[in-house]
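Next up, data20.pdb (PDB, C-alpha atoms):
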```
ATOM      1  CA  VAL A   1      -0.973   8.748 -11.501  1.00  0.00           C
ATOM      2  CA  GLY A   2       1.300  11.748 -11.832  1.00  0.00           C
ATOM      3  CA  GLY A   3       4.258   9.576 -12.804  1.00  0.00           C
ATOM      4  CA  THR A   4       2.187   7.788 -15.441  1.00  0.00           C
ATOM      5  CA  ARG A   5       0.995  11.079 -16.903  1.00  0.00           C
ATOM      6  CA  LEU A   6       4.603  12.323 -17.187  1.00  0.00           C
ATOM      7  CA  ALA A   7       5.845   9.035 -18.664  1.00  0.00           C
ATOM      8  CA  LEU A   8       3.101   8.883 -21.289  1.00  0.00           C
ATOM      9  CA  SER A   9       3.674  12.512 -22.228  1.00  0.00           C
ATOM     10  CA  ASP A  10       7.421  12.009 -22.587  1.00  0.00           C
ATOM     11  CA  SER A  11       7.022   8.808 -24.595  1.00  0.00           C
ATOM     12  CA  GLY A  12       4.598  10.320 -27.083  1.00  0.00           C
ATOM     13  CA  LEU A  13       2.728   7.003 -27.099  1.00  0.00           C
ATOM     14  CA  GLU A  14      -0.664   7.299 -28.785  1.00  0.00           C
ATOM     15  CA  TYR A  15      -3.370   4.672 -28.429  1.00  0.00           C
ATOM     16  CA  ASP A  16      -7.079   4.268 -28.984  1.00  0.00           C
ATOM     17  CA  ARG A  17      -8.696   4.801 -25.589  1.00  0.00           C
ATOM     18  CA  GLU A  18     -11.709   2.741 -26.577  1.00  0.00           C
ATOM     19  CA  ASN A  19      -9.798  -0.201 -28.013  1.00  0.00           C
ATOM     20  CA  ASN A  20      -6.151  -0.750 -27.084  1.00  0.00           C
ATOM     21  CA  ASN A  21      -3.805  -3.433 -25.891  1.00  0.00           C
ATOM     22  CA  VAL A  22      -1.676  -1.443 -23.434  1.00  0.00           C
ATOM     23  CA  GLY A  23      -0.858  -3.244 -20.191  1.00  0.00           C
ATOM     24  CA  CYS A  24      -0.416  -1.829 -16.707  1.00  0.00           C
ATOM     25  CA  PHE A  25       2.058  -3.381 -14.234  1.00  0.00           C
ATOM     26  CA  PHE A  26       2.937  -1.893 -10.842  1.00  0.00           C
ATOM     27  CA  GLY A  27       5.046  -3.061  -7.936  1.00  0.00           C
ATOM     28  CA  ASN A  28       4.191  -2.150  -4.355  1.00  0.00           C
ATOM     29  CA  ALA A  29       5.688  -3.730  -1.260  1.00  0.00           C
ATOM     30  CA  GLY A  30       3.857  -1.741   1.405  1.00  0.00           C
ATOM     31  CA  GLU A  31       0.296  -2.743   0.473  1.00  0.00           C
ATOM     32  CA  CYS A  32      -0.877   0.903   0.618  1.00  0.00           C
ATOM     33  CA  MET A  33       0.188   1.071   4.248  1.00  0.00           C
ATOM     34  CA  GLN A  34      -0.475   4.794   4.737  1.00  0.00           C
ATOM     35  CA  SER A  35      -4.129   4.452   3.716  1.00  0.00           C
ATOM     36  CA  TYR A  36      -4.555   1.445   5.982  1.00  0.00           C
ATOM     37  CA  GLU A  37      -2.838   3.100   8.955  1.00  0.00           C
ATOM     38  CA  THR A  38      -4.992   6.239   8.546  1.00  0.00           C
ATOM     39  CA  GLN A  39      -8.187   4.194   8.847  1.00  0.00           C
ATOM     40  CA  ILE A  40      -6.789   2.332  11.870  1.00  0.00           C
ATOM     41  CA  LYS A  41      -6.113   5.679  13.569  1.00  0.00           C
ATOM     42  CA  LEU A  42      -9.660   6.847  12.807  1.00  0.00           C
ATOM     43  CA  THR A  43     -11.022   3.638  14.331  1.00  0.00           C
ATOM     44  CA  ILE A  44      -8.947   4.009  17.503  1.00  0.00           C
ATOM     45  CA  GLN A  45      -9.944   7.649  17.901  1.00  0.00           C
ATOM     46  CA  ARG A  46     -13.614   6.820  17.588  1.00  0.00           C
ATOM     47  CA  VAL A  47     -13.401   3.878  20.020  1.00  0.00           C
ATOM     48  CA  LEU A  48     -11.554   5.969  22.619  1.00  0.00           C
ATOM     49  CA  ARG A  49     -14.073   8.783  22.253  1.00  0.00           C
ATOM     50  CA  LYS A  50     -16.986   6.396  22.810  1.00  0.00           C
ATOM     51  CA  MET A  51     -15.223   4.672  25.715  1.00  0.00           C
ATOM     52  CA  SER A  52     -14.581   8.022  27.429  1.00  0.00           C
ATOM     53  CA  ASP A  53     -18.292   8.838  27.091  1.00  0.00           C
ATOM     54  CA  ASP A  54     -19.257   5.447  28.566  1.00  0.00           C
ATOM     55  CA  ILE A  55     -16.794   5.701  31.443  1.00  0.00           C
ATOM     56  CA  GLY A  56     -18.066   9.171  32.300  1.00  0.00           C
ATOM     57  CA  ILE A  57     -14.809  11.092  32.212  1.00  0.00           C
ATOM     58  CA  GLY A  58     -15.368  14.589  33.578  1.00  0.00           C
ATOM     59  CA  VAL A  59     -18.648  13.605  35.327  1.00  0.00           C
ATOM     60  CA  TRP A  60     -18.658  13.632  39.152  1.00  0.00           C
ATOM     61  CA  ASN A  61     -22.068  12.037  39.675  1.00  0.00           C
ATOM     62  CA  PRO A  62     -21.305   8.961  41.890  1.00  0.00           C
ATOM     63  CA  ARG A  63     -23.806   6.740  40.093  1.00  0.00           C
ATOM     64  CA  GLN A  64     -22.370   7.590  36.674  1.00  0.00           C
ATOM     65  CA  LEU A  65     -18.833   7.171  38.000  1.00  0.00           C
ATOM     66  CA  LEU A  66     -19.649   3.682  39.316  1.00  0.00           C
ATOM     67  CA  ARG A  67     -21.160   2.755  35.932  1.00  0.00           C
ATOM     68  CA  GLY A  68     -18.028   4.080  34.244  1.00  0.00           C
ATOM     69  CA  ILE A  69     -15.756   1.948  36.433  1.00  0.00           C
ATOM     70  CA  LYS A  70     -17.768  -1.172  35.586  1.00  0.00           C
ATOM     71  CA  ASN A  71     -17.591  -0.357  31.888  1.00  0.00           C
ATOM     72  CA  LEU A  72     -13.840   0.186  32.169  1.00  0.00           C
ATOM     73  CA  GLN A  73     -13.385  -3.206  33.838  1.00  0.00           C
ATOM     74  CA  LYS A  74     -15.396  -4.857  31.077  1.00  0.00           C
ATOM     75  CA  SER A  75     -13.382  -3.046  28.403  1.00  0.00           C
ATOM     76  CA  ARG A  76     -10.092  -4.170  29.975  1.00  0.00           C
ATOM     77  CA  ARG A  77     -11.284  -7.781  29.929  1.00  0.00           C
ATOM     78  CA  LEU A  78     -12.183  -7.497  26.236  1.00  0.00           C
ATOM     79  CA  LEU A  79      -8.700  -6.195  25.428  1.00  0.00           C
ATOM     80  CA  GLU A  80      -7.105  -9.455  26.571  1.00  0.00           C
ATOM     81  CA  GLU A  81      -5.843 -11.550  23.660  1.00  0.00           C
ATOM     82  CA  GLU A  82      -8.111 -14.533  24.280  1.00  0.00           C
ATOM     83  CA  ASN A  83     -11.162 -12.241  24.036  1.00  0.00           C
ATOM     84  CA  LEU A  84     -10.199 -10.671  20.700  1.00  0.00           C
ATOM     85  CA  ASP A  85     -13.169 -12.056  18.766  1.00  0.00           C
ATOM     86  CA  GLU A  86     -15.598 -10.852  21.429  1.00  0.00           C
ATOM     87  CA  PHE A  87     -13.919  -7.426  21.407  1.00  0.00           C
ATOM     88  CA  VAL A  88     -14.253  -7.049  17.636  1.00  0.00           C
ATOM     89  CA  GLU A  89     -17.911  -8.113  17.748  1.00  0.00           C
ATOM     90  CA  SER A  90     -18.602  -5.692  20.601  1.00  0.00           C
ATOM     91  CA  MET A  91     -16.950  -2.787  18.766  1.00  0.00           C
ATOM     92  CA  HIS A  92     -18.940  -3.541  15.631  1.00  0.00           C
ATOM     93  CA  LYS A  93     -22.248  -3.603  17.508  1.00  0.00           C
ATOM     94  CA  LYS A  94     -21.539  -0.483  19.520  1.00  0.00           C
ATOM     95  CA  PHE A  95     -19.820   1.719  16.957  1.00  0.00           C
ATOM     96  CA  GLY A  96     -20.845   0.297  13.585  1.00  0.00           C
ATOM     97  CA  THR A  97     -18.609   1.105  10.654  1.00  0.00           C
ATOM     98  CA  ILE A  98     -16.471   4.187  10.010  1.00  0.00           C
ATOM     99  CA  GLU A  99     -18.711   6.722   8.296  1.00  0.00           C
ATOM    100  CA  SER A 100     -15.776   8.388   6.537  1.00  0.00           C
ATOM    101  CA  MET A 101     -14.742   5.154   4.809  1.00  0.00           C
ATOM    102  CA  THR A 102     -15.923   5.054   1.186  1.00  0.00           C
ATOM    103  CA  PRO A 103     -15.785   2.099  -1.238  1.00  0.00           C
ATOM    104  CA  ILE A 104     -12.704   3.713  -2.787  1.00  0.00           C
ATOM    105  CA  ASP A 105     -11.038   3.842   0.667  1.00  0.00           C
ATOM    106  CA  VAL A 106     -11.627   0.096   1.054  1.00  0.00           C
ATOM    107  CA  LEU A 107      -9.998  -0.612  -2.294  1.00  0.00           C
ATOM    108  CA  ASP A 108      -7.064   1.647  -1.424  1.00  0.00           C
ATOM    109  CA  PHE A 109      -6.086  -0.729   1.370  1.00  0.00           C
ATOM    110  CA  LYS A 110      -4.503  -3.130  -1.109  1.00  0.00           C
ATOM    111  CA  GLY A 111      -1.775  -2.902  -3.711  1.00  0.00           C
ATOM    112  CA  TYR A 112      -4.066  -4.163  -6.454  1.00  0.00           C
ATOM    113  CA  SER A 113      -5.793  -0.797  -6.420  1.00  0.00           C
ATOM    114  CA  ILE A 114      -2.709   0.915  -7.901  1.00  0.00           C
ATOM    115  CA  PRO A 115      -2.698  -0.552 -11.442  1.00  0.00           C
ATOM    116  CA  ALA A 116      -6.503  -0.623 -11.389  1.00  0.00           C
ATOM    117  CA  ARG A 117      -6.691   3.106 -10.729  1.00  0.00           C
ATOM    118  CA  VAL A 118      -3.989   3.958 -13.284  1.00  0.00           C
ATOM    119  CA  ALA A 119      -5.632   1.761 -15.918  1.00  0.00           C
ATOM    120  CA  SER A 120      -9.006   3.355 -15.214  1.00  0.00           C
ATOM    121  CA  ILE A 121      -7.770   6.954 -15.422  1.00  0.00           C
ATOM    122  CA  PHE A 122      -5.726   6.435 -18.596  1.00  0.00           C
ATOM    123  CA  GLU A 123      -8.082   3.847 -20.111  1.00  0.00           C
ATOM    124  CA  LEU A 124      -5.475   1.118 -20.503  1.00  0.00           C
ATOM    125  CA  ARG A 125      -7.381  -1.982 -21.586  1.00  0.00           C
ATOM    126  CA  GLY A 126      -4.615  -4.582 -21.590  1.00  0.00           C
ATOM    127  CA  PRO A 127      -3.765  -6.813 -18.594  1.00  0.00           C
ATOM    128  CA  SER A 128      -3.451  -5.066 -15.228  1.00  0.00           C
ATOM    129  CA  LEU A 129      -1.239  -6.604 -12.565  1.00  0.00           C
ATOM    130  CA  ALA A 130      -0.100  -5.613  -9.056  1.00  0.00           C
ATOM    131  CA  ILE A 131       3.118  -7.230  -7.843  1.00  0.00           C
ATOM    132  CA  ASN A 132       4.253  -7.515  -4.235  1.00  0.00           C
ATOM    133  CA  THR A 133       7.740  -9.002  -4.099  1.00  0.00           C
ATOM    134  CA  SER A 134       9.224  -6.734  -1.444  1.00  0.00           C
ATOM    135  CA  CYS A 135      12.171  -4.596  -2.536  1.00  0.00           C
ATOM    136  CA  VAL A 136      12.199  -5.947  -6.111  1.00  0.00           C
ATOM    137  CA  ALA A 137       8.495  -5.387  -6.814  1.00  0.00           C
ATOM    138  CA  SER A 138       9.048  -2.572  -9.317  1.00  0.00           C
ATOM    139  CA  LYS A 139      11.771  -4.509 -11.126  1.00  0.00           C
ATOM    140  CA  ASP A 140       9.465  -7.501 -11.389  1.00  0.00           C
ATOM    141  CA  ALA A 141       6.672  -5.271 -12.710  1.00  0.00           C
ATOM    142  CA  ILE A 142       8.966  -4.071 -15.513  1.00  0.00           C
ATOM    143  CA  GLY A 143      10.090  -7.650 -16.165  1.00  0.00           C
ATOM    144  CA  TYR A 144       6.525  -8.940 -16.444  1.00  0.00           C
ATOM    145  CA  ALA A 145       5.667  -6.071 -18.785  1.00  0.00           C
ATOM    146  CA  MET A 146       8.650  -6.937 -20.984  1.00  0.00           C
ATOM    147  CA  ARG A 147       7.683 -10.615 -21.182  1.00  0.00           C
ATOM    148  CA  ASN A 148       4.107  -9.753 -22.106  1.00  0.00           C
ATOM    149  CA  ILE A 149       5.381  -7.572 -24.950  1.00  0.00           C
ATOM    150  CA  GLN A 150       7.827 -10.270 -26.100  1.00  0.00           C
ATOM    151  CA  SER A 151       5.068 -12.872 -26.161  1.00  0.00           C
ATOM    152  CA  GLY A 152       2.806 -10.627 -28.225  1.00  0.00           C
ATOM    153  CA  THR A 153       0.184 -10.437 -25.490  1.00  0.00           C
ATOM    154  CA  ILE A 154       0.337  -6.635 -25.464  1.00  0.00           C
ATOM    155  CA  ASP A 155       1.678  -3.879 -27.713  1.00  0.00           C
ATOM    156  CA  ALA A 156       2.986  -1.574 -24.979  1.00  0.00           C
ATOM    157  CA  ALA A 157       2.947  -1.217 -21.227  1.00  0.00           C
ATOM    158  CA  VAL A 158       2.968   1.246 -18.379  1.00  0.00           C
ATOM    159  CA  ALA A 159       5.210  -0.224 -15.679  1.00  0.00           C
ATOM    160  CA  GLY A 160       6.866   0.857 -12.461  1.00  0.00           C
ATOM    161  CA  GLY A 161       6.241   1.120  -8.766  1.00  0.00           C
ATOM    162  CA  THR A 162       5.060   3.343  -5.964  1.00  0.00           C
ATOM    163  CA  GLU A 163       5.589   3.347  -2.210  1.00  0.00           C
ATOM    164  CA  ALA A 164       4.350   5.350   0.779  1.00  0.00           C
ATOM    165  CA  GLN A 165       6.247   3.656   3.594  1.00  0.00           C
ATOM    166  CA  ILE A 166       6.789   6.501   6.047  1.00  0.00           C
ATOM    167  CA  THR A 167       4.453   5.151   8.718  1.00  0.00           C
ATOM    168  CA  LEU A 168       4.995   4.122  12.329  1.00  0.00           C
ATOM    169  CA  GLU A 169       4.263   0.474  11.550  1.00  0.00           C
ATOM    170  CA  SER A 170       6.624   0.312   8.581  1.00  0.00           C
ATOM    171  CA  ILE A 171       9.517   2.100  10.276  1.00  0.00           C
ATOM    172  CA  SER A 172       9.131  -0.042  13.411  1.00  0.00           C
ATOM    173  CA  ALA A 173       9.063  -3.252  11.368  1.00  0.00           C
ATOM    174  CA  HIS A 174      12.196  -2.353   9.392  1.00  0.00           C
ATOM    175  CA  LEU A 175      14.011  -1.261  12.552  1.00  0.00           C
ATOM    176  CA  ASN A 176      13.196  -4.613  14.154  1.00  0.00           C
ATOM    177  CA  LEU A 177      14.560  -6.368  11.062  1.00  0.00           C
ATOM    178  CA  GLY A 178      17.792  -4.417  11.474  1.00  0.00           C
ATOM    179  CA  VAL A 179      17.873  -3.240   7.866  1.00  0.00           C
ATOM    180  CA  LEU A 180      17.584   0.549   8.346  1.00  0.00           C
ATOM    181  CA  SER A 181      20.759   2.597   8.312  1.00  0.00           C
ATOM    182  CA  ARG A 182      21.758   4.171  11.620  1.00  0.00           C
ATOM    183  CA  SER A 183      23.947   6.706   9.817  1.00  0.00           C
ATOM    184  CA  LEU A 184      23.658   7.334   6.065  1.00  0.00           C
ATOM    185  CA  PRO A 185      22.640   5.030   3.205  1.00  0.00           C
ATOM    186  CA  ARG A 186      25.804   4.101   1.277  1.00  0.00           C
ATOM    187  CA  PRO A 187      24.951   1.790  -1.662  1.00  0.00           C
ATOM    188  CA  TYR A 188      27.850  -0.444  -2.807  1.00  0.00           C
ATOM    189  CA  ASP A 189      30.053   0.887   0.030  1.00  0.00           C
ATOM    190  CA  MET A 190      31.924  -1.355   2.483  1.00  0.00           C
ATOM    191  CA  ARG A 191      30.765   0.989   5.284  1.00  0.00           C
ATOM    192  CA  ARG A 192      27.077   0.571   4.505  1.00  0.00           C
ATOM    193  CA  ASP A 193      24.868  -0.350   7.444  1.00  0.00           C
ATOM    194  CA  GLY A 194      21.410  -0.409   5.885  1.00  0.00           C
ATOM    195  CA  PHE A 195      19.049   1.604   3.729  1.00  0.00           C
ATOM    196  CA  ALA A 196      16.528   4.422   4.230  1.00  0.00           C
ATOM    197  CA  LEU A 197      12.788   4.302   3.624  1.00  0.00           C
ATOM    198  CA  GLY A 198      11.220   6.822   1.285  1.00  0.00           C
ATOM    199  CA  ASP A 199       7.979   7.725  -0.460  1.00  0.00           C
ATOM    200  CA  GLY A 200       7.785   8.092  -4.211  1.00  0.00           C
ATOM    201  CA  ALA A 201       6.922   6.590  -7.582  1.00  0.00           C
ATOM    202  CA  GLY A 202       8.650   5.753 -10.827  1.00  0.00           C
ATOM    203  CA  VAL A 203       7.000   4.856 -14.140  1.00  0.00           C
ATOM    204  CA  VAL A 204       8.370   3.854 -17.544  1.00  0.00           C
ATOM    205  CA  ILE A 205       6.744   3.062 -20.886  1.00  0.00           C
ATOM    206  CA  LEU A 206       7.770  -0.162 -22.611  1.00  0.00           C
ATOM    207  CA  GLU A 207       7.276  -1.242 -26.218  1.00  0.00           C
ATOM    208  CA  GLU A 208       9.086  -3.110 -28.996  1.00  0.00           C
ATOM    209  CA  LEU A 209      12.354  -1.408 -29.970  1.00  0.00           C
ATOM    210  CA  GLU A 210      11.484  -1.178 -33.660  1.00  0.00           C
ATOM    211  CA  SER A 211       8.103   0.326 -32.835  1.00  0.00           C
ATOM    212  CA  ALA A 212       9.734   2.999 -30.677  1.00  0.00           C
ATOM    213  CA  LYS A 213      12.283   3.798 -33.389  1.00  0.00           C
ATOM    214  CA  GLU A 214       9.616   3.997 -36.069  1.00  0.00           C
ATOM    215  CA  ARG A 215       7.612   6.645 -34.258  1.00  0.00           C
ATOM    216  CA  GLY A 216      10.693   8.588 -33.071  1.00  0.00           C
ATOM    217  CA  ALA A 217      10.167   7.989 -29.368  1.00  0.00           C
ATOM    218  CA  ASN A 218      12.662   9.061 -26.711  1.00  0.00           C
ATOM    219  CA  ILE A 219      14.550   5.808 -26.035  1.00  0.00           C
ATOM    220  CA  TYR A 220      16.401   5.726 -22.723  1.00  0.00           C
ATOM    221  CA  ALA A 221      17.306   2.035 -22.501  1.00  0.00           C
ATOM    222  CA  GLU A 222      16.885  -1.342 -24.159  1.00  0.00           C
ATOM    223  CA  LEU A 223      15.904  -4.299 -21.982  1.00  0.00           C
ATOM    224  CA  LEU A 224      17.911  -7.340 -23.011  1.00  0.00           C
ATOM    225  CA  GLY A 225      16.571  -9.817 -20.476  1.00  0.00           C
ATOM    226  CA  TYR A 226      14.904 -10.477 -17.161  1.00  0.00           C
ATOM    227  CA  CYS A 227      15.124 -13.258 -14.595  1.00  0.00           C
ATOM    228  CA  GLN A 228      13.916 -13.960 -11.092  1.00  0.00           C
ATOM    229  CA  THR A 229      15.594 -16.177  -8.473  1.00  0.00           C
ATOM    230  CA  ILE A 230      15.648 -16.648  -4.703  1.00  0.00           C
ATOM    231  CA  ASP A 231      18.203 -18.193  -2.354  1.00  0.00           C
ATOM    232  CA  ALA A 232      15.399 -20.272  -0.767  1.00  0.00           C
ATOM    233  CA  ASN A 233      17.307 -20.628   2.499  1.00  0.00           C
ATOM    234  CA  SER A 234      15.637 -17.882   4.546  1.00  0.00           C
ATOM    235  CA  GLN A 235      12.425 -15.872   4.759  1.00  0.00           C
ATOM    236  CA  ILE A 236      14.472 -12.641   4.845  1.00  0.00           C
TER
END
```
Show the structure stored in the file as structure tokens.
Amino acid sequence: VGGTRLALSDSGLEYDRENNNVGCFFGNAGECMQSYETQIKLTIQRVLRKMSDDIGIGVWNPRQLLRGIKNLQKSRRLLEEENLDEFVESMHKKFGTIESMTPIDVLDFKGYSIPARVASIFELRGPSLAINTSCVASKDAIGYAMRNIQSGTIDAAVAGGTEAQITLESISAHLNLGVLSRSLPRPYDMRRDGFALGDGAGVVILEELESAKERGANIYAELLGYCQTIDANSQI
């Protein structure tokens, strides 16, 4: 949102908020992982708190202790992989849903919430599209925006990407893939041994070149083309 506000301000783009044809295209590879991981942590905390109450931690009454041991044995059985469905059903019945989770939190779990939120705040009424193509998601978002302008579908577009990948799950996954640098990121260097994860966002405003010239916009680059290919010989 902050990046969009800065980009729109710098571009000087003016549009009718009630009736416009400005598109919104954002790339995101992490699927809002931080929001998702936060809710997972809240769930685990609540389950552990309830389990400790059931087991009777800190209570020396023999009868309660015996009940706690039985509950612990049952809980251990439910944690086995073949009992996953029963475990989920049991947790739902016992603990219900997470009170702190709002409808907005649910939407924040997925990348499609990013362009939807930006379009809502800035009242962009053209097509809104979330793109998840791993490391090239933001590039693809800009490419799709360009093609929509070229085809006449939209007059202008907000395009870019945002990531919040500094989470235990994300770092562990990239380490297991062997793609994180063990020293320093060195792009285009023969000594490179991987990249580094980071959080951030980048947003640009796209429109027809002549339109930008006519209104005296700050023009930083001209897009001459866009293509998308894949080697199709590996999932990585």
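Proximity ranking of A:Ala164, A:Cys135, A:Ala173, A:Val158 relative to Leu206 of chain A places A:Val158 first, based on all atoms listed in the file.
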**Message:** Report, in Å with one decimal, the straight-line distance from atom CA of Gly12 of chain A to atom CA of Leu124 of chain A.
**Reply:**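 Going from atom CA of Gly12 of chain A over to atom CA of Leu124 of chain A covers 15.1 Å.
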Test item: residues at most 12 Å from Asn148 of chain A, only C-alpha atoms, excluding those fewer than 2 positions along its chain, as a short mmCIF file (atom, residue, chain, number, x, y, z; two decimals) with C-alpha atoms, in the frame of the given file:
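File around31.cif, as written:
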```cif
data_model
loop_
_atom_site.label_atom_id
_atom_site.label_comp_id
_atom_site.auth_asym_id
_atom_site.auth_seq_id
_atom_site.Cartn_x
_atom_site.Cartn_y
_atom_site.Cartn_z
CA ASN A 21 -3.80 -3.43 -25.89
CA VAL A 22 -1.68 -1.44 -23.43
CA GLY A 23 -0.86 -3.24 -20.19
CA CYS A 24 -0.42 -1.83 -16.71
CA PHE A 25 2.06 -3.38 -14.23
CA GLY A 126 -4.62 -4.58 -21.59
CA PRO A 127 -3.76 -6.81 -18.59
CA SER A 128 -3.45 -5.07 -15.23
CA LEU A 129 -1.24 -6.60 -12.56
CA ALA A 141 6.67 -5.27 -12.71
CA ILE A 142 8.97 -4.07 -15.51
CA GLY A 143 10.09 -7.65 -16.16
CA TYR A 144 6.52 -8.94 -16.44
CA ALA A 145 5.67 -6.07 -18.78
CA MET A 146 8.65 -6.94 -20.98
CA GLN A 150 7.83 -10.27 -26.10
CA SER A 151 5.07 -12.87 -26.16
CA GLY A 152 2.81 -10.63 -28.22
CA THR A 153 0.18 -10.44 -25.49
CA ILE A 154 0.34 -6.64 -25.46
CA ASP A 155 1.68 -3.88 -27.71
CA ALA A 156 2.99 -1.57 -24.98
CA ALA A 157 2.95 -1.22 -21.23
CA VAL A 158 2.97 1.25 -18.38
CA ALA A 159 5.21 -0.22 -15.68
CA LEU A 206 7.77 -0.16 -22.61
CA GLU A 207 7.28 -1.24 -26.22
CA GLU A 208 9.09 -3.11 -29.00
CA TYR A 226 14.90 -10.48 -17.16
#
```
**Prompt:** So which one's closest to Ser113 of chain A, A:Ile131, A:Ala196, A:Arg215, A:Gly202? Using only C-alpha atoms, please.
**Reply:** A:Ile131
**Asked** Which residues, written as number ranges by chain, have at least one atom at most 12 Å from Leu6 of chain A, with all atoms listed in the file counted and residues fewer than 4 positions away on the same chain left out?
**Response** A: 1-2, 10-13, 122, 158, 201-205
**Asked** With only C-alpha atoms as the atoms that count, which of A:Ser170, A:Ser138, A:Asn233, A:Thr4 lies nearest to Arg117 of chain A?
**Response**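 Closest to Arg117 of chain A of all the choices is A:Thr4.
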**Request:** Have a look at atom CA of Asp16 of chain A and atom CA of Gly3 of chain A and let me know their distance in Å, one decimal.
**Result:** 20.5 Å
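Relative to atom CA of Ser211 of chain A, atom CA of Ala119 of chain A is found at 21.8 Å.
Restricting the calculation to all atoms listed in the file, the smallest distance between Ser172 of chain A and any of A:Ile114, A:Leu223, A:Pro185, A:Leu197 is found for A:Leu197.
For the choices A:Lys213, A:Arg192, A:Arg125, A:Arg147, the atom-to-atom distance to Asn20 of chain A is smallest for A:Arg125 when using all atoms listed in the file.
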**Message:** For Lys139 of chain A, find every residue with an atom within 9 Å (counting only C-alpha atoms), except residues of its own chain fewer than 6 positions away, and show them as a ChimeraX atom specification.
**Reply:** /A:27,160-161
**Request:** Rank nothing, just name the residue among A:Asn176, A:Ser9, A:Gln165, A:Asn28 nearest to Ser134 of chain A, using only C-alpha atoms.
**Result:** A:Asn28
Taking all atoms of segment 178-195 of chain A that the file lists and extending 5 Å past them on each side, where is the centre of the axis-aligned box and how long are its edges? Answer in Å to one decimal, as AutoDock Vina command-line options.
```
--center_x 24.8 --center_y 1.5 --center_z 4.4 --size_x 24.3 --size_y 21.8 --size_z 24.4
```
**Item:** Phe195 of chain A surroundings by all atoms listed in the file, 10 Å radius, close-in-sequence under 4 positions cut, as a PyMOL selection string
**Value:** chain A and resi 174+178-187
